[in-house]
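A.B. asks: File name upload.cif; file contents mmCIF, C-alpha atoms; full text below.
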```cif
data_final
#
loop_
_atom_site.label_atom_id
_atom_site.label_comp_id
_atom_site.auth_asym_id
_atom_site.auth_seq_id
_atom_site.Cartn_x
_atom_site.Cartn_y
_atom_site.Cartn_z
CA MET A 243 100.34 95.43 89.45
CA ASP A 244 99.51 96.52 93.01
CA GLN A 245 102.97 98.05 93.43
CA ALA A 246 102.62 100.06 90.22
CA ILE A 247 99.25 101.37 91.37
CA LEU A 248 100.56 102.28 94.82
CA ARG A 249 103.60 104.04 93.31
CA ALA A 250 101.35 105.99 90.95
CA ALA A 251 99.11 106.99 93.84
CA ILE A 252 102.08 108.25 95.89
CA GLU A 253 103.46 110.23 92.96
CA LEU A 254 100.09 111.82 92.32
CA LEU A 255 99.50 112.54 96.01
CA SER A 256 102.86 114.28 96.22
CA GLU A 257 102.06 116.40 93.18
CA VAL A 258 98.43 117.39 93.70
CA GLY A 259 97.32 116.42 97.23
CA TYR A 260 94.51 114.14 98.29
CA VAL A 261 91.56 116.17 97.02
CA ARG A 262 92.82 116.28 93.43
CA VAL A 263 93.85 112.62 93.24
CA THR A 264 91.57 110.68 90.91
CA VAL A 265 91.39 106.95 90.39
CA ALA A 266 91.38 107.60 86.65
CA GLU A 267 94.74 109.41 86.82
CA VAL A 268 96.24 106.75 89.10
CA ALA A 269 95.08 104.09 86.63
CA ARG A 270 96.55 106.00 83.69
CA ARG A 271 99.92 106.41 85.40
CA ALA A 272 100.00 102.77 86.53
CA GLY A 273 98.99 101.51 83.09
CA VAL A 274 95.89 99.70 84.37
CA SER A 275 92.14 100.16 84.10
CA LYS A 276 89.96 101.86 86.70
CA PRO A 277 88.08 98.57 87.30
CA ALA A 278 91.42 96.91 88.11
CA ILE A 279 91.92 99.46 90.88
CA TYR A 280 88.36 99.21 92.15
CA ARG A 281 88.63 95.40 92.35
CA ARG A 282 91.41 95.87 94.89
CA TRP A 283 90.37 99.14 96.57
CA SER A 284 86.68 99.97 96.73
CA GLN A 285 87.30 103.66 97.46
CA LYS A 286 89.95 106.23 96.64
CA SER A 287 90.52 106.80 100.36
CA GLN A 288 91.51 103.18 100.92
CA LEU A 289 93.94 103.29 98.01
CA VAL A 290 95.51 106.51 99.25
CA VAL A 291 96.01 105.29 102.81
CA GLU A 292 97.45 101.98 101.67
CA ALA A 293 99.80 103.87 99.35
CA MET A 294 100.91 106.03 102.26
CA VAL A 295 101.64 102.92 104.33
CA THR A 296 104.24 101.95 101.74
CA GLN A 297 106.13 105.17 102.52
CA ILE A 298 106.36 104.59 106.25
CA ARG A 299 109.02 102.38 107.71
CA PRO A 300 107.30 99.64 109.63
CA GLY A 301 107.57 100.12 113.36
CA LYS A 302 109.40 97.53 115.33
CA ASP A 303 109.22 96.25 118.85
CA ASN A 304 112.89 96.99 119.40
CA ASP A 305 113.62 95.95 122.93
CA SER A 306 116.88 97.71 123.63
CA GLY A 307 116.43 97.16 127.35
CA SER A 308 115.42 100.78 127.87
CA ALA A 309 111.92 102.17 127.46
CA ALA A 310 113.40 105.65 127.07
CA GLY A 311 115.77 104.42 124.35
CA ASP A 312 113.00 102.59 122.54
CA LEU A 313 110.73 105.64 122.69
CA MET A 314 113.50 107.89 121.39
CA THR A 315 114.00 105.50 118.46
CA LEU A 316 110.26 105.44 117.70
CA THR A 317 109.99 109.22 118.04
CA ASN A 318 112.92 109.73 115.70
CA GLN A 319 111.36 107.30 113.21
CA LEU A 320 108.08 109.25 113.29
CA ILE A 321 109.97 112.51 112.75
CA ASP A 322 111.64 110.96 109.70
CA ASP A 323 108.30 109.72 108.37
CA LEU A 324 106.70 113.14 108.81
CA THR A 325 109.57 115.12 107.35
CA ARG A 326 111.20 112.89 104.73
CA THR A 327 108.31 111.06 103.06
CA PRO A 328 105.27 112.19 101.07
CA LEU A 329 103.23 111.60 104.25
CA GLY A 330 104.33 114.91 105.74
CA ARG A 331 103.51 116.83 102.57
CA VAL A 332 100.03 115.39 102.12
CA LEU A 333 99.00 114.93 105.76
CA PRO A 334 97.58 118.45 106.28
CA GLY A 335 95.16 118.05 103.36
CA LEU A 336 94.44 114.46 104.30
CA VAL A 337 93.52 115.43 107.88
CA ALA A 338 91.09 118.03 106.54
CA GLU A 339 89.49 115.37 104.35
CA MET A 340 89.33 112.88 107.24
CA ALA A 341 87.02 115.28 109.05
CA ALA A 342 84.49 114.88 106.24
CA ASP A 343 85.24 111.30 105.16
CA PRO A 344 84.75 108.71 107.92
CA VAL A 345 85.98 105.89 105.66
CA LEU A 346 89.24 107.73 105.04
CA ALA A 347 89.61 108.49 108.76
CA ALA A 348 88.99 104.86 109.73
CA SER A 349 91.44 103.58 107.11
CA TYR A 350 94.13 105.99 108.27
CA ARG A 351 93.65 105.01 111.89
CA ASP A 352 93.51 101.28 111.16
CA LEU A 353 96.43 101.08 108.72
CA ILE A 354 98.78 103.78 110.03
CA ILE A 355 98.01 104.96 113.55
CA LYS A 356 96.99 101.77 115.38
CA PRO A 357 99.81 99.51 114.15
CA ASN A 358 102.41 102.09 115.09
CA LEU A 359 100.90 102.90 118.47
CA ARG A 360 101.19 99.22 119.39
CA HIS A 361 104.98 99.56 119.23
CA TRP A 362 104.95 102.72 121.34
CA ARG A 363 102.61 101.13 123.88
CA ALA A 364 104.78 98.00 124.05
CA ALA A 365 107.87 100.10 124.81
CA VAL A 366 106.14 101.84 127.73
CA GLU A 367 104.70 98.57 129.04
CA ARG A 368 108.14 96.92 128.90
CA GLY A 369 109.49 99.83 130.93
CA MET A 370 106.74 99.31 133.50
CA ALA A 371 107.38 95.56 133.64
CA SER A 372 111.15 96.03 134.09
CA GLY A 373 110.76 98.66 136.81
CA GLU A 374 112.26 101.46 134.70
CA LEU A 375 108.85 103.16 134.81
CA SER A 376 106.41 103.10 137.68
CA VAL A 377 103.43 100.76 137.43
CA ASP A 378 101.07 103.75 137.53
CA THR A 379 102.52 105.25 134.34
CA ASP A 380 99.73 106.77 132.26
CA VAL A 381 100.54 105.05 128.97
CA ASP A 382 98.06 107.07 126.90
CA PHE A 383 99.39 110.34 128.31
CA VAL A 384 102.98 109.35 127.51
CA LEU A 385 102.07 108.42 123.92
CA ASN A 386 99.98 111.54 123.32
CA ALA A 387 102.60 113.81 124.90
CA LEU A 388 105.35 112.44 122.67
CA VAL A 389 103.44 112.25 119.39
CA GLY A 390 101.04 115.19 119.74
CA PRO A 391 103.62 117.98 119.45
CA LEU A 392 105.00 116.46 116.26
CA TYR A 393 101.59 116.54 114.59
CA PHE A 394 100.97 120.03 116.04
CA SER A 395 104.18 121.29 114.42
CA LEU A 396 103.35 119.67 111.10
CA LEU A 397 99.64 120.53 110.95
CA ILE A 398 99.21 123.75 112.90
CA THR A 399 102.36 125.85 113.28
CA GLY A 400 104.32 124.59 110.28
CA GLU A 401 107.47 125.07 112.34
CA PRO A 402 110.29 122.60 111.84
CA ILE A 403 110.81 120.02 114.53
CA ALA A 404 113.75 121.01 116.68
CA ALA A 405 116.90 118.94 116.49
CA GLY A 406 117.10 116.68 119.52
CA TYR A 407 113.32 116.75 120.05
CA GLU A 408 113.18 113.00 120.66
CA ARG A 409 115.68 113.10 123.56
CA ALA A 410 114.21 116.18 125.23
CA ALA A 411 110.60 115.05 124.81
CA VAL A 412 111.18 111.52 126.11
CA LYS A 413 113.14 112.82 129.11
CA LEU A 414 110.44 115.38 129.95
CA VAL A 415 107.46 113.07 129.42
CA LEU A 416 108.92 110.10 131.31
CA ALA A 417 110.32 112.13 134.24
CA PRO A 418 107.21 111.81 136.45
CA TYR A 419 107.11 108.05 135.88
CA THR A 420 110.80 107.14 136.07
CA THR A 421 111.65 105.05 139.08
CA ALA A 422 114.79 105.85 141.00
CA PRO A 423 117.56 103.30 140.66
CA SER A 424 118.00 101.21 143.79
#
```
Please go through the file and, once you have read it, give me the structure as structure tokens.
C.D. replies:
Amino acid sequence: MDQAILRAAIELLSEVGYVRVTVAEVARRAGVSKPAIYRRWSQKSQLVVEAMVTQIRPGKDNDSGSAAGDLMTLTNQLIDDLTRTPLGRVLPGLVAEMAADPVLAASYRDLIIKPNLRHWRAAVERGMASGELSVDTDVDFVLNALVGPLYFSLLITGEPIAAGYERAAVKLVLAPYTTAPS
């Protein structure tokens, strides 16, 4: 039943955006009652964020032996999630709603942002531990500098993300922290 509800929520989100999603319409499409949804998700915002999680490939702590390689993989995965799933289509409206709905904002951060950032952080920390990156690498700066422009393109400019972004961005962002081979 949960899967049918989540699928219905994604379909509806893709069609009408967050603001116009109603629990009643999700219930109708999933063939369940509104109370069945509310027993599992106490608010529409929680349902929507959990539905969005199903559209995102789970991040992985891929240890390829290269922090730069791992960050390129994660960056490319985020680009795919933002451009090839309903997330990219509904995120602009969802971000606007997060400004007014602290429950929605907290759910989005807890279920989508934080779990994925752990993988990014782990990649940078492995690079620091292996000597690929200097021990004074500003991990938060690296993460924000890689991810921020992607969200800026999606939410502000609407411009497509340039082919090869992941390689160029990782090279640029890691340059000040890359240790010279001995």
A.B. asks: I want to know what sits within 6 Å of region 314-330 of chain A, based on all atoms listed in the file, with residues of the same chain fewer than 2 positions away left out; could you give that as a PyMOL selection string?
C.D. replies: chain A and resi 256+298+311-312+332-333+408
A.B. asks: Given the choices A:Leu388, A:Ala293, A:Leu313, A:Val366, which gets closest to Tyr350 (chain A) if the distance is worked out from only C-alpha atoms?
C.D. replies: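 Using only C-alpha atoms, Tyr350 (chain A) sits closest to A:Ala293.
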A.B. asks: For Asp244 (chain A), please output as a list in words all residues within 10 Å (counting only C-alpha atoms; exclusion window: fewer than 4 positions along the same chain).
C.D. replies: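 Listing them by chain and then by number gives Leu248, Arg249, Ala250, Ala272, Val274, Ala278, Ile279, Arg282 and Ala293 of chain A.
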A.B. asks: Rank nothing, just name the residue among A:Val389, A:Val381, A:Leu289, A:Ile247 nearest to Tyr407 (chain A), using only C-alpha atoms.
C.D. replies: A:Val389
A.B. asks: Name all residues at most 9 Å from Glu367 (chain A) (count all atoms listed in the file; drop same-chain ones fewer than 3 positions away) and give them as a ChimeraX atom specification.
C.D. replies: /A:309,362-364,370-372,375,377,379,381
A.B. asks: For Lys286 (chain A), which residue among A:Ser349, A:Thr420, A:Ser395, A:Asn386 is the nearest when counting only C-alpha atoms?
C.D. replies: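 Comparing A:Ser349, A:Thr420, A:Ser395, A:Asn386 against Lys286 (chain A), the winner is A:Ser349.
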A.B. asks: Which one of A:Tyr393, A:Ala310, A:Ala347, A:Ser284 sits closest to Leu416 (chain A) if you count all atoms listed in the file?
C.D. replies: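 For Leu416 (chain A), the nearest of the candidates is A:Ala310.
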